[in-house]
file work32.tsv (TSV, C-alpha atoms and all ligand atoms)
chain	number	residue	atom	x	y	z
A	19	MET	CA	0.00	0.00	0.00
A	20	LEU	CA	1.46	3.28	-1.10
A	21	LEU	CA	0.61	6.16	1.21
A	22	TYR	CA	1.46	9.46	-0.43
A	23	GLY	CA	0.70	13.18	-0.61
A	24	GLY	CA	0.49	14.24	2.99
A	25	LYS	CA	-0.52	17.17	5.13
A	26	SER	CA	2.83	18.83	4.66
A	27	ALA	CA	4.61	21.61	2.81
A	28	GLU	CA	6.46	18.78	1.02
A	29	HIS	CA	3.23	17.35	-0.38
A	30	GLU	CA	4.21	17.80	-4.03
A	31	VAL	CA	7.59	16.17	-3.54
A	32	SER	CA	5.84	13.12	-2.09
A	33	ILE	CA	3.63	12.81	-5.18
A	34	LEU	CA	6.70	12.78	-7.40
A	35	SER	CA	8.42	10.14	-5.26
A	36	ALA	CA	5.23	8.05	-5.18
A	37	PHE	CA	4.94	8.05	-8.92
A	38	SER	CA	8.42	6.55	-9.36
A	39	ILE	CA	7.95	4.01	-6.57
A	40	LEU	CA	4.63	2.91	-8.03
A	41	GLN	CA	6.32	1.98	-11.29
A	42	ALA	CA	8.87	-0.09	-9.39
A	43	ILE	CA	6.34	-1.87	-7.18
A	44	SER	CA	4.14	-2.74	-10.11
A	45	TYR	CA	7.19	-4.02	-11.93
A	46	ASN	CA	7.97	-6.17	-8.90
A	47	PHE	CA	4.51	-7.77	-9.19
A	48	TYR	CA	2.94	-6.43	-6.03
A	49	GLU	CA	-0.73	-5.73	-5.96
A	50	VAL	CA	-0.73	-2.05	-5.12
A	51	GLN	CA	-3.30	-0.07	-3.21
A	52	LEU	CA	-2.93	3.69	-3.32
A	53	VAL	CA	-3.95	5.91	-0.47
A	54	PHE	CA	-3.68	9.62	-0.97
A	55	ILE	CA	-3.53	12.13	1.88
A	56	ALA	CA	-4.70	15.55	0.72
A	57	LYS	CA	-3.05	18.73	1.91
A	58	ASP	CA	-5.94	19.31	4.29
A	59	GLY	CA	-5.20	15.95	5.91
A	60	ARG	CA	-8.13	13.98	4.48
A	61	TRP	CA	-7.49	10.45	3.28
A	62	TYR	CA	-8.66	9.03	-0.05
A	63	LYS	CA	-8.62	5.55	-1.51
A	64	GLY	CA	-6.96	5.65	-4.90
A	65	PRO	CA	-6.81	7.56	-7.14
A	66	LEU	CA	-4.54	5.68	-9.47
A	67	LEU	CA	-1.49	7.50	-10.65
A	68	THR	CA	-1.67	6.67	-14.31
A	69	GLU	CA	0.54	9.45	-15.53
A	70	LYS	CA	3.17	11.61	-13.98
A	71	PRO	CA	1.27	14.13	-11.89
A	72	VAL	CA	2.11	17.77	-12.34
A	73	ASP	CA	0.24	19.03	-9.35
A	74	ASP	CA	-2.44	18.25	-6.86
A	75	SER	CA	-5.29	19.00	-9.25
A	76	VAL	CA	-4.61	15.70	-10.97
A	77	MET	CA	-5.43	13.96	-7.73
A	78	GLN	CA	-8.52	15.97	-7.02
A	79	LEU	CA	-9.94	15.25	-10.44
A	80	ALA	CA	-9.53	11.52	-10.15
A	81	ASP	CA	-12.40	9.73	-8.44
A	82	GLY	CA	-10.75	9.06	-5.10
A	83	GLN	CA	-13.13	7.99	-2.39
A	84	GLU	CA	-12.66	9.51	1.05
A	85	ILE	CA	-11.90	7.01	3.79
A	86	ALA	CA	-11.31	7.07	7.52
A	87	PRO	CA	-7.55	6.61	8.11
A	88	CYS	CA	-8.11	3.41	10.12
A	89	ALA	CA	-9.95	1.92	7.11
A	90	ILE	CA	-6.56	1.14	5.59
A	91	LYS	CA	-6.14	-1.73	8.05
A	92	SER	CA	-5.83	-4.94	6.08
A	93	GLU	CA	-4.01	-8.24	6.44
A	94	ASN	CA	-0.91	-9.21	4.50
A	95	THR	CA	-0.25	-5.63	3.52
A	96	ILE	CA	2.85	-3.56	4.04
A	97	VAL	CA	2.50	0.21	3.97
A	98	PHE	CA	5.04	2.35	2.14
A	99	PRO	CA	4.60	5.81	3.65
A	100	VAL	CA	6.32	7.85	0.99
A	101	LEU	CA	5.59	11.02	2.91
A	102	HIS	CA	8.08	13.82	3.43
A	103	GLY	CA	8.05	16.37	6.23
A	104	PRO	CA	5.71	16.80	9.21
A	105	ASN	CA	2.68	14.50	9.53
A	106	GLY	CA	4.42	11.76	7.64
A	107	GLU	CA	8.18	11.62	8.12
A	108	ASP	CA	8.07	12.68	11.75
A	109	GLY	CA	6.80	9.59	13.56
A	110	THR	CA	3.10	10.45	13.58
A	111	ILE	CA	2.14	8.15	10.70
A	112	GLN	CA	4.60	5.57	11.98
A	113	GLY	CA	2.88	5.60	15.39
A	114	PHE	CA	-0.49	5.30	13.71
A	115	LEU	CA	0.70	2.27	11.71
A	116	GLU	CA	2.12	0.71	14.86
A	117	THR	CA	-1.27	1.12	16.50
A	118	LEU	CA	-2.95	-0.51	13.51
A	119	ASP	CA	-0.36	-3.27	13.79
A	120	MET	CA	0.63	-2.99	10.15
A	121	PRO	CA	4.19	-3.44	8.83
A	122	TYR	CA	5.64	-0.39	7.09
A	123	VAL	CA	8.70	0.75	5.21
A	124	GLY	CA	11.37	2.92	6.84
A	125	GLY	CA	12.23	4.19	10.28
A	126	GLY	CA	9.99	3.72	13.31
A	127	VAL	CA	8.52	6.35	15.63
A	128	LEU	CA	11.76	7.24	17.38
A	129	ALA	CA	13.98	7.52	14.31
A	130	SER	CA	11.36	9.46	12.37
A	131	ALA	CA	10.67	11.93	15.16
A	132	CYS	CA	14.34	12.48	16.02
A	133	GLY	CA	15.45	12.69	12.38
A	134	MET	CA	12.76	15.20	11.52
A	135	ASP	CA	13.47	17.51	14.43
A	136	LYS	CA	16.72	19.32	13.71
A	137	ILE	CA	17.15	20.39	17.34
A	138	MET	CA	16.75	16.85	18.62
A	139	THR	CA	19.09	15.50	15.95
A	140	LYS	CA	21.77	17.99	17.04
A	141	HIS	CA	21.41	17.04	20.70
A	142	LEU	CA	21.87	13.37	19.85
A	143	LEU	CA	24.82	14.00	17.55
A	144	GLN	CA	26.45	16.07	20.25
A	145	VAL	CA	26.22	13.18	22.70
A	146	ALA	CA	27.69	10.89	20.05
A	147	GLY	CA	30.57	13.28	19.42
A	148	ILE	CA	29.80	13.66	15.72
A	149	PRO	CA	30.95	17.07	14.43
A	150	GLN	CA	28.29	19.58	13.43
A	151	VAL	CA	28.09	23.32	12.87
A	152	PRO	CA	27.39	25.55	15.90
A	153	TYR	CA	23.72	26.37	16.43
A	154	VAL	CA	21.19	28.06	18.68
A	155	PRO	CA	17.78	26.47	19.25
A	156	VAL	CA	14.92	28.99	19.47
A	157	ILE	CA	11.50	28.21	20.93
A	158	ARG	CA	8.68	30.51	19.81
A	159	ASN	CA	7.40	31.43	23.27
A	160	VAL	CA	10.86	32.36	24.43
A	161	TRP	CA	11.36	34.47	21.31
A	162	ARG	CA	8.07	36.28	21.84
A	163	GLU	CA	8.90	37.05	25.45
A	164	ASN	CA	12.39	38.31	24.81
A	165	PRO	CA	13.54	38.72	21.20
A	166	LYS	CA	16.53	40.80	22.24
A	167	GLN	CA	17.88	37.93	24.30
A	168	ILE	CA	17.60	35.63	21.27
A	169	PHE	CA	19.43	38.11	19.04
A	170	GLU	CA	22.20	38.40	21.60
A	171	GLN	CA	22.43	34.67	22.01
A	172	CYS	CA	22.72	34.14	18.24
A	173	GLU	CA	25.17	36.97	17.72
A	174	GLY	CA	27.15	35.93	20.79
A	175	SER	CA	27.84	32.42	19.58
A	176	LEU	CA	27.48	32.63	15.77
A	177	ILE	CA	28.62	35.03	13.09
A	178	TYR	CA	26.74	36.14	9.99
A	179	PRO	CA	25.74	34.68	7.64
A	180	MET	CA	23.50	32.32	9.61
A	181	PHE	CA	20.86	29.86	8.44
A	182	VAL	CA	17.44	29.96	10.07
A	183	LYS	CA	15.35	26.81	9.76
A	184	PRO	CA	12.09	25.40	11.09
A	185	ALA	CA	13.12	22.43	13.25
A	186	ASN	CA	10.60	20.12	11.61
A	187	MET	CA	10.61	20.48	7.85
A	188	GLY	CA	12.48	19.46	4.75
A	189	SER	CA	13.08	20.37	1.10
A	190	SER	CA	14.49	23.69	2.35
A	191	VAL	CA	10.97	24.97	3.08
A	192	GLY	CA	11.01	27.93	5.48
A	193	ILE	CA	14.83	28.22	5.45
A	194	SER	CA	16.61	31.58	5.06
A	195	LYS	CA	20.20	32.65	4.87
A	196	VAL	CA	20.57	35.83	6.91
A	197	GLU	CA	23.30	38.47	6.88
A	198	ASN	CA	22.28	40.87	9.66
A	199	ARG	CA	19.92	41.35	12.59
A	200	GLU	CA	17.01	42.57	10.51
A	201	GLU	CA	17.25	39.55	8.23
A	202	LEU	CA	17.62	37.31	11.25
A	203	GLN	CA	14.35	38.67	12.60
A	204	ASN	CA	12.60	38.10	9.26
A	205	GLY	CA	14.12	34.66	8.96
A	206	LEU	CA	12.84	33.73	12.42
A	207	LEU	CA	9.34	34.97	11.59
A	208	GLU	CA	9.37	32.99	8.35
A	209	ALA	CA	10.55	29.80	10.07
A	210	PHE	CA	7.95	30.22	12.85
A	211	ARG	CA	5.26	30.01	10.17
A	212	TYR	CA	6.09	26.31	9.91
A	213	ASP	CA	7.11	25.30	13.40
A	214	GLN	CA	7.29	26.62	16.93
A	215	ARG	CA	10.76	25.17	17.19
A	216	VAL	CA	13.43	26.84	15.09
A	217	ILE	CA	17.15	26.45	14.75
A	218	VAL	CA	19.68	29.15	13.88
A	219	GLU	CA	22.89	27.68	12.48
A	220	GLN	CA	26.31	28.97	11.68
A	221	GLY	CA	26.37	29.48	7.90
A	222	ILE	CA	29.40	27.92	6.31
A	223	ASP	CA	30.92	28.03	2.89
A	224	ALA	CA	31.16	24.35	2.13
A	225	ARG	CA	30.61	21.60	-0.37
A	226	GLU	CA	27.59	19.40	0.25
A	227	ILE	CA	27.93	15.66	0.23
A	228	GLU	CA	25.36	12.98	1.00
A	229	VAL	CA	25.54	9.31	1.96
A	230	ALA	CA	22.71	6.83	1.50
A	231	ILE	CA	22.00	4.27	4.21
A	232	LEU	CA	20.12	0.99	3.97
A	233	GLY	CA	19.38	-1.66	6.58
A	234	ASN	CA	17.96	-2.54	9.98
A	235	GLU	CA	20.52	-4.13	12.30
A	236	ASP	CA	22.90	-4.74	9.44
A	237	VAL	CA	23.59	-1.20	8.21
A	238	ARG	CA	25.06	-0.53	4.77
A	239	THR	CA	26.20	2.82	3.40
A	240	THR	CA	27.09	4.10	-0.06
A	241	PHE	CA	30.00	6.15	-1.28
A	242	ALA	CA	29.15	9.82	-0.86
A	243	GLY	CA	27.72	11.86	-3.70
A	244	GLU	CA	28.10	15.61	-4.06
A	245	ILE	CA	25.50	18.22	-4.80
A	246	VAL	CA	27.28	20.64	-7.05
A	247	LYS	CA	25.71	24.00	-6.32
A	248	GLU	CA	25.36	26.95	-8.56
A	249	GLU	CA	22.91	28.62	-6.21
A	250	ALA	CA	23.86	30.31	-2.95
A	251	PHE	CA	22.12	27.43	-1.26
A	252	TYR	CA	20.19	24.38	-2.16
A	253	ASP	CA	16.69	25.86	-1.85
A	254	TYR	CA	13.27	24.50	-2.78
A	255	ASN	CA	13.32	26.03	-6.24
A	256	ALA	CA	16.71	24.61	-7.05
A	257	LYS	CA	15.56	21.22	-5.81
A	258	TYR	CA	12.19	20.87	-7.48
A	259	VAL	CA	11.29	23.80	-9.71
A	260	ASP	CA	14.33	24.82	-11.72
A	261	ASN	CA	16.11	21.48	-11.45
A	262	THR	CA	19.41	23.31	-11.34
A	263	ILE	CA	21.02	20.71	-9.13
A	264	LYS	CA	23.89	18.70	-10.49
A	265	MET	CA	24.99	15.57	-8.75
A	266	GLN	CA	28.46	14.14	-8.80
A	267	ILE	CA	28.41	10.45	-7.91
A	268	PRO	CA	30.67	9.40	-6.38
A	269	ALA	CA	31.91	12.69	-4.94
A	270	GLU	CA	35.48	13.58	-5.75
A	271	ILE	CA	36.80	13.70	-2.22
A	272	PRO	CA	39.81	12.23	-0.43
A	273	GLU	CA	39.45	8.63	0.60
A	274	GLU	CA	39.72	9.41	4.31
A	275	VAL	CA	36.84	11.90	4.04
A	276	GLN	CA	34.81	9.27	2.23
A	277	THR	CA	35.45	6.76	5.00
A	278	LYS	CA	34.72	9.28	7.72
A	279	ALA	CA	31.43	10.37	6.11
A	280	ARG	CA	30.26	6.77	5.87
A	281	ASP	CA	31.26	6.10	9.45
A	282	TYR	CA	29.45	9.20	10.80
A	283	ALA	CA	26.38	8.39	8.71
A	284	LYS	CA	26.21	4.89	10.10
A	285	ARG	CA	26.78	6.00	13.67
A	286	ALA	CA	24.13	8.71	13.42
A	287	TYR	CA	21.68	6.21	11.93
A	288	MET	CA	22.26	3.77	14.76
A	289	ILE	CA	21.94	6.42	17.47
A	290	LEU	CA	18.65	7.61	16.02
A	291	ASP	CA	17.42	4.00	15.78
A	292	GLY	CA	17.26	4.21	11.98
A	293	ALA	CA	15.59	1.39	10.08
A	294	GLY	CA	15.02	0.73	6.40
A	295	LEU	CA	16.59	3.75	4.81
A	296	SER	CA	17.95	7.27	5.35
A	297	ARG	CA	20.00	9.87	3.55
A	298	CYS	CA	22.66	11.59	5.59
A	299	ASP	CA	23.65	15.13	4.53
A	300	PHE	CA	27.04	16.68	5.30
A	301	PHE	CA	28.96	19.90	4.81
A	302	LEU	CA	32.57	19.57	3.71
A	303	THR	CA	34.68	22.70	4.06
A	304	HIS	CA	37.51	23.55	1.73
A	305	LYS	CA	39.90	22.44	4.46
A	306	ASN	CA	38.19	19.04	4.35
A	307	GLU	CA	36.46	19.43	7.70
A	308	LEU	CA	33.31	17.38	7.77
A	309	PHE	CA	30.09	18.39	9.61
A	310	LEU	CA	27.01	16.24	9.75
A	311	ASN	CA	23.96	18.34	8.84
A	312	GLU	CA	20.99	15.99	9.09
A	313	LEU	CA	19.49	12.57	8.60
A	314	ASN	CA	16.44	12.34	6.32
A	315	THR	CA	14.48	9.23	7.19
A	316	MET	CA	12.32	9.35	4.06
A	317	PRO	CA	14.53	10.99	1.44
A	318	GLY	CA	13.31	12.11	-1.98
A	319	PHE	CA	12.70	8.94	-3.95
A	320	THR	CA	12.16	9.73	-7.61
A	321	GLU	CA	14.41	7.90	-10.07
A	322	PHE	CA	16.46	11.08	-10.29
A	323	SER	CA	16.82	11.63	-6.56
A	324	MET	CA	20.15	11.39	-4.80
A	325	TYR	CA	19.16	8.43	-2.60
A	326	PRO	CA	18.43	5.89	-5.35
A	327	LEU	CA	21.23	7.24	-7.53
A	328	LEU	CA	23.74	6.66	-4.73
A	329	TRP	CA	22.63	3.02	-4.55
A	330	GLU	CA	22.71	2.66	-8.30
A	331	ASN	CA	26.36	3.65	-8.11
A	332	MET	CA	26.84	0.75	-5.67
A	333	GLY	CA	25.20	-1.64	-8.14
A	334	ILE	CA	21.63	-1.70	-6.83
A	335	GLN	CA	19.04	-0.70	-9.41
A	336	TYR	CA	15.95	1.31	-8.51
A	337	ASN	CA	13.46	-1.58	-8.65
A	338	ASP	CA	15.68	-3.83	-6.56
A	339	LEU	CA	16.22	-1.05	-4.06
A	340	VAL	CA	12.47	-0.63	-3.59
A	341	GLU	CA	12.18	-4.38	-3.10
A	342	GLU	CA	14.97	-4.36	-0.50
A	343	ILE	CA	13.42	-1.65	1.61
A	344	ILE	CA	10.04	-3.41	1.49
A	345	GLN	CA	11.72	-6.60	2.73
A	346	LEU	CA	13.47	-4.62	5.48
A	347	GLY	CA	10.09	-3.28	6.59
A	348	LEU	CA	8.64	-6.80	6.72
A	349	ASN	CA	11.67	-8.15	8.59
A	350	ARG	CA	11.49	-5.42	11.17
A	351	TYR	CA	7.80	-6.09	11.76
A	352	ASN	CA	8.28	-9.85	12.03
A	353	GLN	CA	11.24	-9.55	14.38
A	354	ARG	CA	9.30	-7.32	16.75
A	355	LYS	CA	6.38	-9.71	16.96
B	1	LIG	P1	16.30	18.33	2.81
B	1	LIG	O1	15.58	17.50	3.82
B	1	LIG	O2	15.56	18.47	1.52
B	1	LIG	O3	17.73	17.92	2.59
B	1	LIG	P2	16.08	20.49	4.75
B	1	LIG	O4	14.90	21.39	4.58
B	1	LIG	O5	16.02	19.47	5.81
B	1	LIG	O6	16.41	19.83	3.36
B	1	LIG	P3	18.85	21.37	5.16
B	1	LIG	O7	19.34	20.21	4.40
B	1	LIG	O8	19.26	21.48	6.58
B	1	LIG	O9	17.26	21.50	5.05
B	1	LIG	O10	19.27	22.73	4.44
B	1	LIG	C1	18.90	22.97	3.10
B	1	LIG	C2	20.05	23.58	2.34
B	1	LIG	O11	20.38	24.88	2.88
B	1	LIG	C3	21.33	22.78	2.42
B	1	LIG	O12	21.35	21.74	1.49
B	1	LIG	C4	22.36	23.88	2.15
B	1	LIG	O13	22.42	24.20	0.76
B	1	LIG	C5	21.79	25.07	2.87
B	1	LIG	N1	22.28	25.16	4.26
B	1	LIG	C6	21.62	24.70	5.34
B	1	LIG	N2	22.30	24.93	6.47
B	1	LIG	C7	23.44	25.54	6.12
B	1	LIG	C8	24.57	26.05	6.84
B	1	LIG	N3	24.64	25.96	8.18
B	1	LIG	N4	25.58	26.63	6.13
B	1	LIG	C9	25.51	26.70	4.78
B	1	LIG	N5	24.48	26.25	4.04
B	1	LIG	C10	23.44	25.68	4.69
B	2	MG	MG	16.10	17.41	5.72
B	3	MG	MG	13.77	15.90	3.99
B	4	MG	MG	19.35	18.38	3.70
call {"tool": "encode", "arguments": {"input": "work32.tsv", "output": "structure tokens"}}
result
Amino acid sequence: MLLYGGKSAEHEVSILSAFSILQAISYNFYEVQLVFIAKDGRWYKGPLLTEKPVDDSVMQLADGQEIAPCAIKSENTIVFPVLHGPNGEDGTIQGFLETLDMPYVGGGVLASACGMDKIMTKHLLQVAGIPQVPYVPVIRNVWRENPKQIFEQCEGSLIYPMFVKPANMGSSVGISKVENREELQNGLLEAFRYDQRVIVEQGIDAREIEVAILGNEDVRTTFAGEIVKEEAFYDYNAKYVDNTIKMQIPAEIPEEVQTKARDYAKRAYMILDGAGLSRCDFFLTHKNELFLNELNTMPGFTEFSMYPLLWENMGIQYNDLVEEIIQLGLNRYNQRK
């Protein structure tokens, strides 16, 4: 069962991922049920994705029938929640599926919640001693009570430019690069539109490399790939609208950096209780210092996305990759029984 769409700012990205996965699952001879979650959070049975969707209107036009979420419960069915962002990648759907006692693809409640929340990820990485850029967590109530204190805290421990991000989001939604106090204020207001938890990070001039992870107890990683940027940063438009992103797979980096990135990715995955799959994003400075940025527990999954391309470079084709993560979901369910 493919669960896609989602009540999230990354709704459209999910539809694109779902379309590619659907081709693979059908190719692998599964009987597929499609369940679409509209942006307003309502659930629909079907509609079938017969052609590559351009936007949500395609879904609305098709004759999807509204269902209660718990109506998805069925025997001998594994759910593939190809949902990105809050209300999908953050443990909520995973908890719901646990309650329904249905097997599903990807990380469980803990990994999803911790991976989605950038503040929580940082706390855990800090305990694990994995290098990351300096940051200041900002909670909305605290900001409202005393904005000056927040400015001073940020400017006391970070230097401009800084990156302001909603703690729970992805696809660069709600993220700003800020150069001064006025922009910092605007960046905070923008990020608070998406989440009451926000993170302000030290901006760094760095290359961006990513490692794909696959497995439950037995964790495998890929060689890193690089996102070759032309933009100031890898924003939503660059990712999904203009398609200006170029990927270099494998990344041209020294072997010891390669090894270190894979080691950090695996350690982070294990600390967050990762299962199934994740994509680990890093910054690599020009002095070859490596900082772990985040772990995405349900990375973009179109045929042209970094995650499947990293595995293709390791010799695993898209269809086989989809099959592997489905099997990992089933194994995890059966082992916990
Ligand atoms: P996704 O889940 O799609 O990877 P996201 O919304 O979780 O994205 P990040 O990956 O944290 O957000 O940041 C998005 C992009 O913003 C990065 O790929 C990078 O280009 C830029 N960026 C983020 N933080 C920093 C930073 N501290 N210094 C420099 N650039 C940054
Ligand atoms: Mg992310
Ligand atoms: Mg993401
Ligand atoms: Mg990222």
call {"tool": "residues_near_ligand", "arguments": {"input": "work32.tsv", "ligand": "ligand MG 2 (chain B)", "cutoff": "7 Å", "atoms": "only C-alpha atoms and all ligand atoms", "output": "VMD selection string"}}
result
chain A and resid 187 to 189 312 to 314
call {"tool": "write_last_selection", "arguments": {"input": "work32.tsv", "atoms": "C-alpha atoms", "output": "short mmCIF file (atom, residue, chain, number, x, y, z; two decimals), keeping the file's coordinate frame"}}
result
data_model
loop_
_atom_site.label_atom_id
_atom_site.label_comp_id
_atom_site.auth_asym_id
_atom_site.auth_seq_id
_atom_site.Cartn_x
_atom_site.Cartn_y
_atom_site.Cartn_z
CA MET A 187 10.61 20.48 7.85
CA GLY A 188 12.48 19.46 4.75
CA SER A 189 13.08 20.37 1.10
CA GLU A 312 20.99 15.99 9.09
CA LEU A 313 19.49 12.57 8.60
CA ASN A 314 16.44 12.34 6.32
#
call {"tool": "residues_near_ligand", "arguments": {"input": "work32.tsv", "ligand": "ligand LIG 1 (chain B)", "cutoff": "6 Å", "atoms": "all atoms listed in the file", "output": "list in words"}}
result
Phe181, Met187, Gly188, Ser189, Ser190, Val191, Glu219, Gln220, Gly221, Ile222, Asp223, Phe251, Tyr252, Asp253 and Asn314 of chain A
call {"tool": "write_last_selection", "arguments": {"input": "work32.tsv", "atoms": "C-alpha atoms", "output": "tab-separated table (two decimals), in the coordinates of the input"}}
result
chain	number	residue	atom	x	y	z
A	181	PHE	CA	20.86	29.86	8.44
A	187	MET	CA	10.61	20.48	7.85
A	188	GLY	CA	12.48	19.46	4.75
A	189	SER	CA	13.08	20.37	1.10
A	190	SER	CA	14.49	23.69	2.35
A	191	VAL	CA	10.97	24.97	3.08
A	219	GLU	CA	22.89	27.68	12.48
A	220	GLN	CA	26.31	28.97	11.68
A	221	GLY	CA	26.37	29.48	7.90
A	222	ILE	CA	29.40	27.92	6.31
A	223	ASP	CA	30.92	28.03	2.89
A	251	PHE	CA	22.12	27.43	-1.26
A	252	TYR	CA	20.19	24.38	-2.16
A	253	ASP	CA	16.69	25.86	-1.85
A	314	ASN	CA	16.44	12.34	6.32
call {"tool": "closest_residue", "arguments": {"input": "work32.tsv", "among": "A:Arg215, A:Lys195, A:Arg280, A:Lys183", "to": "Arg158 in chain A", "atoms": "all atoms listed in the file"}}
result
A:Arg215
call {"tool": "closest_residue", "arguments": {"input": "work32.tsv", "among": "A:Asp58, A:Asp281, A:Asp135, A:Asp291", "to": "ligand MG 3 (chain B)", "atoms": "only C-alpha atoms and all ligand atoms"}}
result
A:Asp135
call {"tool": "closest_residue", "arguments": {"input": "work32.tsv", "among": "A:Met19, A:Ile263, A:Leu115, A:Ala269", "to": "Leu52 in chain A", "atoms": "all atoms listed in the file"}}
result
A:Met19
call {"tool": "residues_near_ligand", "arguments": {"input": "work32.tsv", "ligand": "ligand MG 3 (chain B)", "cutoff": "12 Å", "atoms": "only C-alpha atoms and all ligand atoms", "output": "VMD selection string"}}
result
chain A and resid 26 to 29 31 to 32 100 to 104 106 to 108 130 133 to 136 184 to 191 253 to 254 257 296 to 299 311 to 319 323 to 325
call {"tool": "atom_distance", "arguments": {"input": "work32.tsv", "atom1": "CA of Asn331 in chain A", "atom2": "CA of Asn255 in chain A"}}
result
26.0 Å
call {"tool": "closest_residue", "arguments": {"input": "work32.tsv", "among": "A:Glu30, A:Lys25, A:Val123, A:Phe54", "to": "Ile344 in chain A", "atoms": "only C-alpha atoms"}}
result
A:Val123
call {"tool": "residues_near_point", "arguments": {"input": "work32.tsv", "point": "(31.2, 21.2, 12.9)", "cutoff": "6 Å", "atoms": "all atoms listed in the file", "output": "ChimeraX atom specification"}}
result
/A:149-151,309
call {"tool": "closest_residue", "arguments": {"input": "work32.tsv", "among": "A:Leu308, A:Leu327, A:Leu348, A:Ile193", "to": "ligand MG 4 (chain B)", "atoms": "only C-alpha atoms and all ligand atoms"}}
result
A:Ile193
call {"tool": "atom_distance", "arguments": {"input": "work32.tsv", "atom1": "CA of Phe37 in chain A", "atom2": "CA of Tyr336 in chain A"}}
result
12.9 Å
call {"tool": "residues_near_point", "arguments": {"input": "work32.tsv", "point": "(18.6, 5.0, 12.5)", "cutoff": "10 Å", "atoms": "only C-alpha atoms", "output": "MDAnalysis selection string"}}
result
chainID A and resid 124:126 128:130 132:133 231:235 237 283:296 313:315
call {"tool": "residues_around", "arguments": {"input": "work32.tsv", "residues": "range 91-95 of chain A", "least_positions_apart": "4", "cutoff": "10 Å", "atoms": "only C-alpha atoms", "output": "list in words"}}
result
Met19, Glu49, Val50, Gln51, Pro87, Leu115, Leu118, Asp119, Met120, Pro121, Tyr122 and Leu348 of chain A
call {"tool": "build_atoms", "arguments": {"input": "work32.tsv", "residues": "range 214-218 of chain A", "atoms": "all heavy atoms", "output": "PDB file, in the frame of the given file"}}
result
ATOM      1  N   GLN A 214       6.992  25.772  15.774  1.00  0.00           N
ATOM      2  CA  GLN A 214       7.290  26.620  16.930  1.00  0.00           C
ATOM      3  C   GLN A 214       8.692  26.392  17.458  1.00  0.00           C
ATOM      4  O   GLN A 214       9.136  27.068  18.375  1.00  0.00           O
ATOM      5  CB  GLN A 214       6.254  26.431  18.031  1.00  0.00           C
ATOM      6  CG  GLN A 214       6.069  25.018  18.471  1.00  0.00           C
ATOM      7  CD  GLN A 214       4.623  24.786  18.885  1.00  0.00           C
ATOM      8  OE1 GLN A 214       3.748  25.578  18.547  1.00  0.00           O
ATOM      9  NE2 GLN A 214       4.390  23.711  19.602  1.00  0.00           N
ATOM     10  N   ARG A 215       9.363  25.434  16.852  1.00  0.00           N
ATOM     11  CA  ARG A 215      10.760  25.170  17.190  1.00  0.00           C
ATOM     12  C   ARG A 215      11.609  25.526  15.970  1.00  0.00           C
ATOM     13  O   ARG A 215      11.341  25.057  14.869  1.00  0.00           O
ATOM     14  CB  ARG A 215      10.964  23.698  17.531  1.00  0.00           C
ATOM     15  CG  ARG A 215      10.309  23.280  18.837  1.00  0.00           C
ATOM     16  CD  ARG A 215      10.030  21.788  18.860  1.00  0.00           C
ATOM     17  NE  ARG A 215      11.221  20.945  18.841  1.00  0.00           N
ATOM     18  CZ  ARG A 215      12.017  20.744  19.884  1.00  0.00           C
ATOM     19  NH1 ARG A 215      11.760  21.344  21.027  1.00  0.00           N
ATOM     20  NH2 ARG A 215      13.057  19.954  19.800  1.00  0.00           N
ATOM     21  N   VAL A 216      12.607  26.361  16.201  1.00  0.00           N
ATOM     22  CA  VAL A 216      13.430  26.840  15.090  1.00  0.00           C
ATOM     23  C   VAL A 216      14.888  26.689  15.476  1.00  0.00           C
ATOM     24  O   VAL A 216      15.234  26.693  16.659  1.00  0.00           O
ATOM     25  CB  VAL A 216      13.057  28.325  14.791  1.00  0.00           C
ATOM     26  CG1 VAL A 216      14.131  29.034  13.983  1.00  0.00           C
ATOM     27  CG2 VAL A 216      11.715  28.396  14.065  1.00  0.00           C
ATOM     28  N   ILE A 217      15.732  26.548  14.460  1.00  0.00           N
ATOM     29  CA  ILE A 217      17.150  26.450  14.750  1.00  0.00           C
ATOM     30  C   ILE A 217      17.896  27.513  13.929  1.00  0.00           C
ATOM     31  O   ILE A 217      17.569  27.744  12.769  1.00  0.00           O
ATOM     32  CB  ILE A 217      17.650  25.013  14.464  1.00  0.00           C
ATOM     33  CG1 ILE A 217      19.042  24.801  14.965  1.00  0.00           C
ATOM     34  CG2 ILE A 217      17.532  24.624  13.016  1.00  0.00           C
ATOM     35  CD1 ILE A 217      19.369  23.345  15.192  1.00  0.00           C
ATOM     36  N   VAL A 218      18.821  28.189  14.584  1.00  0.00           N
ATOM     37  CA  VAL A 218      19.680  29.150  13.880  1.00  0.00           C
ATOM     38  C   VAL A 218      21.065  28.514  13.842  1.00  0.00           C
ATOM     39  O   VAL A 218      21.605  28.130  14.877  1.00  0.00           O
ATOM     40  CB  VAL A 218      19.740  30.513  14.606  1.00  0.00           C
ATOM     41  CG1 VAL A 218      20.618  31.490  13.829  1.00  0.00           C
ATOM     42  CG2 VAL A 218      18.331  31.082  14.776  1.00  0.00           C
TER      43      VAL A 218
END
